[in-house]
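Beneath this line is the structure, given in structure tokens, with notes to follow.
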Amino acid sequence: MSANKILIVDDEQAIVRLLSMSLKSDGYETCTAFSGEEALDVLKKQSPDIVVTDIKMPGMDGLALLKKIKELYPEKEVIIVTGHGDIDSTITALQYGASDFINKPVRDEALAIALDRAKTKITIRQQLASYTQDLEDKVAEVTKEIRRKSNFQRLLIHSSHDAIVAFDQDWQIVVYNPEAARIFDKKAGEVLGKMTIDDLYTPELAQYFRKEAKNKANDRDMPWQEMAMETREKKQIPVRYATNVLHEKNEFMGIVNFFQDLTEIKRLEKELIQSERMAAIGQTVSGLAHYVKNILIGLKGGSYVVDVGLQNNDMEKLNTGWQTIKKNITRVGDLTQDMLTYSKERKPEPELCYPNEIVEEVVDLVTDFANGHNIDIVKSCDPEMGEMYLDTRTVHRALLNLVNNAIEACLEEETESRQFTVKIKTGKADDGSAVFEVSDNGCGMDAETKGKLFTPMFSSKGGKGTGLGLLVTKKLVAEHNGTIDIETSLGYGSVFTMKLPEKPGTARDVNDKKEV
Amino acid sequence: MGRKVLVVDDDPDVRSFVVTVLEENQYTPLMACDGVEGLEMIQKEMPDLVILDVLMPRGSGIRLYRHLKTDDILKAIPVIMFTGIALRSFLKSQKVLEEFKGEKVPEPDIYLEKPVEPQELVDAIRKKIS
């Protein structure tokens, strides 16, 4: 908008008319007044942009009018017309805010220049006002956006399922959300801006985070960790926590802690373990019941055969029945032994022995049975084994279990054309351990069966196994600080490799000392 | 001598028990210790009845049973299942096999869960052959 309307004020009517005509011919719109009072009236009614006023007028003079105009309409520009040499008034006029002054008699060029300046001033003022308005609008908008974002972040922190606690550079608590209030059992009002890290955490925990903040000065993130956190009220809470050290331009700003309450998860975990244990016990009992039932079948059958033998005076029958009974008594004995071995801790008693001789003993025990079922037993003993310090009971028992399993794996396999073989191989490992390898080309195992091998009471032999055999073997081997490795392929056979270090007692002593 | 009864069981204790029961009741006992031997014996001797264990090496009782019941001649031989496996588990395994193989086999004539009293066994045998 360009300033185009000019009020001319002078008590000399001729001058007013002259100027008015001159300005109109220059394209301006004009209005006129012949006194200061009238000028104010016209200003009010017609709202000109620029006022050109004579300084000397009866009644309200130009200076008084100028003062009044600046009071009422500070945006209007006023040009003062002065008599020649009236410096004092001119200075006063400028002090009052006149935009310019011109001398009498008014020359057209001087007036034009003064008007141009006034117009420029008005334009600049208008632009300034519009910029200011823009700026204010922008500030308002940005403020609103910032408020919205900050609200959002506040809500975010507020509603987080993690407890969030942040400290400033002086370790004052500046962020503390409801979950934090729940975990630490203190209201935000008591904490925010009132407590430091030392008031909220136990001294140990506060010390820990202070140290972390120092240590991790260049490393912003600390990974999630778990701990059993103690509150100042001595409440133990299992938590998962993470810490961020906050920096701005390399300057320490504070730290923020995130805590996740694991109480519920820990409870569920415990419940799960408990129910798994119950399931294992159930499996144990049913596995045992099955095995005991088989023994019962043998005993019942045997005693019937004995009865018949007695009745008929048939010694052969008597003998058959008696053998059955004795065999099943042995099975009860073995089962009891297995159960005791499994449940009791036993320290191996290493003694100087010939491992290859133990292999011979085991082979002697199983050969008749194996040959009766068309299974070859092949042994390949490394003579280098010589004498070694091993627990002979462990070697004997574990080996017998593994060989029996291998034989049974052959009995299970239904490929009829196969010549079944169980191989027992001995040797020394690089570290001097005794190695016993029992391999068969029987039924093998699928991955699932292999995975369950060492779970209590898992038997793949129907009712024929106690489910304790491998478990006992594993326990004996573990007590001997040894290992068992299994390679197996369903339908093609298995290889069990048992490794026993010499003198396990010595290694155990070292461990014992460490614990002390 | 009485009628021929074949007992197929891998457990020698069970065999001697069943054989004794059979002898005491004037049957002629025959023995086999696994599924393969059992089938050979059946084909050779054509027993009047088979007492069959379920879990055995070399051709399980399940396989032998299915073989008997799908053979035109042999399916007439009555079979007593004599096992430590619960009937429910046995029938379930049959159902799985039936779906898998697409052939339906009649349920065993008599299913005895070990241990059994000698008299129960005798009653079961008498039910099938006198």
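Identifiers in this document derive from the order of the structure tokens: chains are assigned A, B, ..., residues are numbered from 1 separately in each chain, and ligands are numbered from 1 in order of occurrence.
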Hey, which bits of chain A sit within 8 Å of chain B, and for each residue what's the closest pair of atoms and how far apart in Å (one decimal), counting only C-alpha atoms, rows by chain and increasing number, as JSON lines?
```
{"residue": "A:Lys293", "atom": "CA", "partner": "B:Pro115", "partner_atom": "CA", "distance": 7.7}
{"residue": "A:Asn294", "atom": "CA", "partner": "B:Gly84", "partner_atom": "CA", "distance": 7.5}
{"residue": "A:Leu296", "atom": "CA", "partner": "B:Pro115", "partner_atom": "CA", "distance": 7.3}
{"residue": "A:Ile297", "atom": "CA", "partner": "B:Pro115", "partner_atom": "CA", "distance": 4.9}
{"residue": "A:Gly298", "atom": "CA", "partner": "B:Asp13", "partner_atom": "CA", "distance": 5.9}
{"residue": "A:Lys300", "atom": "CA", "partner": "B:Pro115", "partner_atom": "CA", "distance": 7.5}
{"residue": "A:Gly301", "atom": "CA", "partner": "B:Phe17", "partner_atom": "CA", "distance": 5.0}
{"residue": "A:Gly302", "atom": "CA", "partner": "B:Phe17", "partner_atom": "CA", "distance": 6.5}
{"residue": "A:Tyr304", "atom": "CA", "partner": "B:Phe17", "partner_atom": "CA", "distance": 7.1}
{"residue": "A:Val305", "atom": "CA", "partner": "B:Phe17", "partner_atom": "CA", "distance": 6.0}
{"residue": "A:Val308", "atom": "CA", "partner": "B:Thr20", "partner_atom": "CA", "distance": 7.6}
{"residue": "A:Thr320", "atom": "CA", "partner": "B:Ser16", "partner_atom": "CA", "distance": 7.3}
{"residue": "A:Gly321", "atom": "CA", "partner": "B:Ser16", "partner_atom": "CA", "distance": 7.7}
{"residue": "A:Thr324", "atom": "CA", "partner": "B:Asp13", "partner_atom": "CA", "distance": 5.7}
{"residue": "A:Leu411", "atom": "CA", "partner": "B:Pro57", "partner_atom": "CA", "distance": 5.1}
{"residue": "A:Glu412", "atom": "CA", "partner": "B:Pro57", "partner_atom": "CA", "distance": 4.9}
{"residue": "A:Glu413", "atom": "CA", "partner": "B:Arg58", "partner_atom": "CA", "distance": 6.7}
{"residue": "A:Glu414", "atom": "CA", "partner": "B:Arg58", "partner_atom": "CA", "distance": 4.9}
{"residue": "A:Thr415", "atom": "CA", "partner": "B:Arg58", "partner_atom": "CA", "distance": 7.9}
{"residue": "A:Glu416", "atom": "CA", "partner": "B:Arg58", "partner_atom": "CA", "distance": 7.4}
{"residue": "A:Gly462", "atom": "CA", "partner": "B:Leu55", "partner_atom": "CA", "distance": 7.3}
{"residue": "A:Gly463", "atom": "CA", "partner": "B:Gly84", "partner_atom": "CA", "distance": 7.3}
```
Include N, CA and C atoms and write out the residues we just selected as a PDB file, in the first residue's frame.
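This went into again_36.pdb:
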```
ATOM      1  N   LYS A 293       7.379-103.402  36.138  1.00  0.00           N
ATOM      2  CA  LYS A 293       6.341-104.318  35.675  1.00  0.00           C
ATOM      3  C   LYS A 293       6.966-105.490  34.912  1.00  0.00           C
ATOM      4  N   ASN A 294       7.966-105.193  34.105  1.00  0.00           N
ATOM      5  CA  ASN A 294       8.636-106.263  33.363  1.00  0.00           C
ATOM      6  C   ASN A 294       9.298-107.269  34.300  1.00  0.00           C
ATOM      7  N   LEU A 296       8.313-107.860  37.283  1.00  0.00           N
ATOM      8  CA  LEU A 296       7.199-108.578  37.897  1.00  0.00           C
ATOM      9  C   LEU A 296       6.698-109.699  36.986  1.00  0.00           C
ATOM     10  N   ILE A 297       6.627-109.379  35.691  1.00  0.00           N
ATOM     11  CA  ILE A 297       6.195-110.395  34.730  1.00  0.00           C
ATOM     12  C   ILE A 297       7.129-111.590  34.806  1.00  0.00           C
ATOM     13  N   GLY A 298       8.433-111.329  34.835  1.00  0.00           N
ATOM     14  CA  GLY A 298       9.422-112.384  34.925  1.00  0.00           C
ATOM     15  C   GLY A 298       9.267-113.200  36.206  1.00  0.00           C
ATOM     16  N   LYS A 300       6.652-113.471  38.217  1.00  0.00           N
ATOM     17  CA  LYS A 300       5.387-114.224  38.245  1.00  0.00           C
ATOM     18  C   LYS A 300       5.473-115.468  37.381  1.00  0.00           C
ATOM     19  N   GLY A 301       5.965-115.261  36.150  1.00  0.00           N
ATOM     20  CA  GLY A 301       6.103-116.368  35.219  1.00  0.00           C
ATOM     21  C   GLY A 301       7.017-117.431  35.806  1.00  0.00           C
ATOM     22  N   GLY A 302       8.166-116.970  36.343  1.00  0.00           N
ATOM     23  CA  GLY A 302       9.148-117.890  36.908  1.00  0.00           C
ATOM     24  C   GLY A 302       8.563-118.700  38.058  1.00  0.00           C
ATOM     25  N   TYR A 304       5.515-119.453  38.605  1.00  0.00           N
ATOM     26  CA  TYR A 304       4.553-120.429  38.068  1.00  0.00           C
ATOM     27  C   TYR A 304       5.285-121.665  37.553  1.00  0.00           C
ATOM     28  N   VAL A 305       6.360-121.408  36.823  1.00  0.00           N
ATOM     29  CA  VAL A 305       7.127-122.531  36.266  1.00  0.00           C
ATOM     30  C   VAL A 305       7.708-123.367  37.410  1.00  0.00           C
ATOM     31  N   VAL A 308       4.959-125.527  38.870  1.00  0.00           N
ATOM     32  CA  VAL A 308       4.690-126.674  37.996  1.00  0.00           C
ATOM     33  C   VAL A 308       5.782-127.721  38.173  1.00  0.00           C
ATOM     34  N   THR A 320      14.453-124.192  35.177  1.00  0.00           N
ATOM     35  CA  THR A 320      14.118-123.084  34.268  1.00  0.00           C
ATOM     36  C   THR A 320      13.468-121.946  35.043  1.00  0.00           C
ATOM     37  N   GLY A 321      12.457-122.316  35.855  1.00  0.00           N
ATOM     38  CA  GLY A 321      11.733-121.299  36.615  1.00  0.00           C
ATOM     39  C   GLY A 321      12.645-120.573  37.579  1.00  0.00           C
ATOM     40  N   THR A 324      14.791-118.062  35.863  1.00  0.00           N
ATOM     41  CA  THR A 324      14.031-116.842  35.564  1.00  0.00           C
ATOM     42  C   THR A 324      13.948-115.944  36.799  1.00  0.00           C
ATOM     43  N   LEU A 411      19.820-105.221  17.607  1.00  0.00           N
ATOM     44  CA  LEU A 411      18.605-106.042  17.674  1.00  0.00           C
ATOM     45  C   LEU A 411      17.403-105.264  17.144  1.00  0.00           C
ATOM     46  N   GLU A 412      17.436-103.946  17.340  1.00  0.00           N
ATOM     47  CA  GLU A 412      16.296-103.119  16.915  1.00  0.00           C
ATOM     48  C   GLU A 412      16.229-102.979  15.399  1.00  0.00           C
ATOM     49  N   GLU A 413      17.396-102.964  14.759  1.00  0.00           N
ATOM     50  CA  GLU A 413      17.424-102.700  13.328  1.00  0.00           C
ATOM     51  C   GLU A 413      16.808-103.880  12.575  1.00  0.00           C
ATOM     52  N   GLU A 414      15.964-103.566  11.619  1.00  0.00           N
ATOM     53  CA  GLU A 414      15.200-104.627  10.970  1.00  0.00           C
ATOM     54  C   GLU A 414      15.715-105.011   9.590  1.00  0.00           C
ATOM     55  N   THR A 415      16.788-104.353   9.164  1.00  0.00           N
ATOM     56  CA  THR A 415      17.360-104.756   7.874  1.00  0.00           C
ATOM     57  C   THR A 415      17.936-106.157   8.031  1.00  0.00           C
ATOM     58  N   GLU A 416      17.384-107.130   7.303  1.00  0.00           N
ATOM     59  CA  GLU A 416      17.745-108.509   7.611  1.00  0.00           C
ATOM     60  C   GLU A 416      19.053-108.950   6.978  1.00  0.00           C
ATOM     61  N   GLY A 462      11.350 -99.262  24.600  1.00  0.00           N
ATOM     62  CA  GLY A 462      10.061 -99.723  25.092  1.00  0.00           C
ATOM     63  C   GLY A 462      10.174 -99.982  26.576  1.00  0.00           C
ATOM     64  N   GLY A 463       9.661-101.091  27.033  1.00  0.00           N
ATOM     65  CA  GLY A 463       9.710-101.383  28.457  1.00  0.00           C
ATOM     66  C   GLY A 463      11.018-102.036  28.884  1.00  0.00           C
TER      67      GLY A 463
END
```
Handout entry: Residues near segment 442-446 of chain A, cut-off 10 Å, only C-alpha atoms, skip fewer than 5 positions along chain, as a list of chain:residue names
Key =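 My reading of the contact set: A:Ile375, A:Asn405, A:Ala406, A:Ile407, A:Glu408, A:Ala409, A:Cys410, A:Leu411, A:Glu412, A:Glu413, A:Glu414, A:Thr415, A:Arg418, A:Gln419, A:Phe420, A:Thr421, A:Val422, A:Gly451, A:Leu453, A:Ser460, A:Glu487, A:Thr488, A:Ser489, A:Leu490, A:Gly491, A:Tyr492, A:Gly493, A:Ser494, A:Val495.
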Problem - Nearest to Ala124 of chain B, chosen from B:Leu52, B:Val8, B:Val96, B:Ile80, with only C-alpha atoms counted in the distances - result: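 Ranked by minimum distance to Ala124 of chain B, first place goes to B:Ile80.
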Practice task
Quick one: pull the distance between atom CA of Val81 of chain A and atom CA of Val9 of chain A, Å, one decimal.
Solution key: 9.6 Å
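The two atoms in question, atom CA of Ile79 of chain A and atom CA of Asn103 of chain A, are spaced 10.6 Å apart.
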Handout entry: Selection near Glu45 of chain B, 12 Å with only C-alpha atoms, sequence-local residues under 5 positions removed, as a count of residues only
Key = 16
Practice task
Give the strand (DSSP E or B) residues of chain B, as DSSP finds them on the backbone, and put them as a ChimeraX atom specification.
Solution key: /B:4-8,28-32,49-52,79-83,110-113
Exercise for the section: Show which residues sit within 10 Å of Leu63 of chain A, as JSON, numbers by chain. Count only C-alpha atoms, and ignore same-chain residues fewer than 6 positions away. Expected result: {"A": [36, 53, 54, 55, 56, 57, 69, 80, 89, 90, 92, 93, 94, 96, 98]}
Those same residues - N, CA and C atoms - I'd like them written as a PDB file, in the first residue's frame.
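Ended up saving to out.pdb:
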```
ATOM      1  N   GLY A  36      -4.651  24.116  13.387  1.00  0.00           N
ATOM      2  CA  GLY A  36      -4.261  22.842  14.004  1.00  0.00           C
ATOM      3  C   GLY A  36      -5.468  22.037  14.436  1.00  0.00           C
ATOM      4  N   THR A  53       2.499  20.607   7.439  1.00  0.00           N
ATOM      5  CA  THR A  53       1.903  21.699   8.218  1.00  0.00           C
ATOM      6  C   THR A  53       2.875  22.855   8.424  1.00  0.00           C
ATOM      7  N   ASP A  54       2.279  24.060   8.359  1.00  0.00           N
ATOM      8  CA  ASP A  54       3.055  25.269   8.648  1.00  0.00           C
ATOM      9  C   ASP A  54       3.341  25.258  10.147  1.00  0.00           C
ATOM     10  N   ILE A  55       4.479  25.856  10.525  1.00  0.00           N
ATOM     11  CA  ILE A  55       4.803  25.807  11.950  1.00  0.00           C
ATOM     12  C   ILE A  55       4.099  26.944  12.700  1.00  0.00           C
ATOM     13  N   LYS A  56       3.986  28.070  12.035  1.00  0.00           N
ATOM     14  CA  LYS A  56       3.390  29.218  12.740  1.00  0.00           C
ATOM     15  C   LYS A  56       1.922  29.361  12.366  1.00  0.00           C
ATOM     16  N   MET A  57       1.115  29.129  13.328  1.00  0.00           N
ATOM     17  CA  MET A  57      -0.344  29.245  13.104  1.00  0.00           C
ATOM     18  C   MET A  57      -0.941  29.776  14.392  1.00  0.00           C
ATOM     19  N   ILE A  69      -0.336  14.754  16.836  1.00  0.00           N
ATOM     20  CA  ILE A  69      -0.444  13.692  15.813  1.00  0.00           C
ATOM     21  C   ILE A  69       0.382  12.464  16.219  1.00  0.00           C
ATOM     22  N   ILE A  80       7.226  19.451   8.367  1.00  0.00           N
ATOM     23  CA  ILE A  80       7.041  20.797   8.947  1.00  0.00           C
ATOM     24  C   ILE A  80       7.536  21.849   7.945  1.00  0.00           C
ATOM     25  N   SER A  89      13.070  25.985  16.217  1.00  0.00           N
ATOM     26  CA  SER A  89      11.805  25.265  16.010  1.00  0.00           C
ATOM     27  C   SER A  89      12.051  23.997  15.202  1.00  0.00           C
ATOM     28  N   THR A  90      12.953  24.151  14.223  1.00  0.00           N
ATOM     29  CA  THR A  90      13.223  22.988  13.372  1.00  0.00           C
ATOM     30  C   THR A  90      13.740  21.825  14.211  1.00  0.00           C
ATOM     31  N   THR A  92      13.368  21.327  17.421  1.00  0.00           N
ATOM     32  CA  THR A  92      12.278  20.839  18.266  1.00  0.00           C
ATOM     33  C   THR A  92      11.369  19.902  17.467  1.00  0.00           C
ATOM     34  N   ALA A  93      11.060  20.352  16.233  1.00  0.00           N
ATOM     35  CA  ALA A  93      10.159  19.546  15.393  1.00  0.00           C
ATOM     36  C   ALA A  93      10.745  18.153  15.152  1.00  0.00           C
ATOM     37  N   LEU A  94      12.048  18.156  14.857  1.00  0.00           N
ATOM     38  CA  LEU A  94      12.673  16.853  14.599  1.00  0.00           C
ATOM     39  C   LEU A  94      12.641  15.992  15.854  1.00  0.00           C
ATOM     40  N   TYR A  96      10.430  16.039  18.081  1.00  0.00           N
ATOM     41  CA  TYR A  96       9.054  15.547  18.263  1.00  0.00           C
ATOM     42  C   TYR A  96       8.703  14.440  17.276  1.00  0.00           C
ATOM     43  N   ALA A  98       9.099  14.779  13.644  1.00  0.00           N
ATOM     44  CA  ALA A  98       8.778  15.170  12.269  1.00  0.00           C
ATOM     45  C   ALA A  98       9.660  14.388  11.318  1.00  0.00           C
TER      46      ALA A  98
END
```
Exercise for the section: Using backbone DSSP assignments, extract all helix (DSSP H, G or I) residues from chain B; output them as a PyMOL selection string. Expected result: chain B and resi 12-24+35-45+61-70+74-76+87-101+118-128
Exercise for the section: Tell me, as a PyMOL selection string, which residues lie within 7 Å of Leu471 of chain A, counting only C-alpha atoms; anything in the same chain fewer than 3 positions away does not count. Expected result: chain A and resi 454+456+468+474-475
Output the selection as a compact mmCIF listing (two decimals), in the first residue's frame - N, CA, C and O atoms for each residue.
```txt
# COMPACT_ATOMS: atom_id res chain seq x y z
N PHE A 454 20.09 -88.02 27.12
CA PHE A 454 20.55 -87.89 28.49
C PHE A 454 19.49 -87.29 29.42
O PHE A 454 19.80 -86.82 30.50
N PRO A 456 16.43 -87.71 31.99
CA PRO A 456 16.12 -88.79 32.92
C PRO A 456 15.01 -89.67 32.38
O PRO A 456 14.02 -89.18 31.85
N LEU A 468 17.71 -95.39 32.74
CA LEU A 468 18.78 -94.89 33.61
C LEU A 468 20.18 -95.15 33.05
O LEU A 468 21.13 -94.50 33.43
N LYS A 474 26.64 -91.32 31.90
CA LYS A 474 27.06 -89.92 31.76
C LYS A 474 27.54 -89.38 33.11
O LYS A 474 28.51 -88.64 33.18
N LYS A 475 26.84 -89.76 34.16
CA LYS A 475 27.20 -89.26 35.48
C LYS A 475 28.57 -89.78 35.90
O LYS A 475 29.42 -89.04 36.38
```
Exercise for the section: Would you please work out which residue, of A:Lys24, A:Lys452, A:His247, A:His396, is nearest to Leu7 of chain A when using only C-alpha atoms? Expected result: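 Closest residue, counting only C-alpha atoms: A:Lys24.
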Exercise for the section: Just give me the gap between atom CA of Ser380 of chain A and atom CA of Thr426 of chain A in Å, one decimal is fine. Expected result: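 Going from atom CA of Ser380 of chain A over to atom CA of Thr426 of chain A covers 6.6 Å.
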Handout entry: Shortest interatomic distance to Ser93 of chain B - which of B:Tyr111, B:Ile51, B:Ile62, B:Lys69, counting only C-alpha atoms
Key =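 Going through B:Tyr111, B:Ile51, B:Ile62, B:Lys69 one by one, the smallest distance to Ser93 of chain B is for B:Ile62.
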Fill in the blank from the handout: Shortest contact to Leu399 of chain A, candidates A:Ser439, A:Thr32, A:Ser20, A:Gln207, atoms counted only C-alpha atoms, goes to A:Ser439
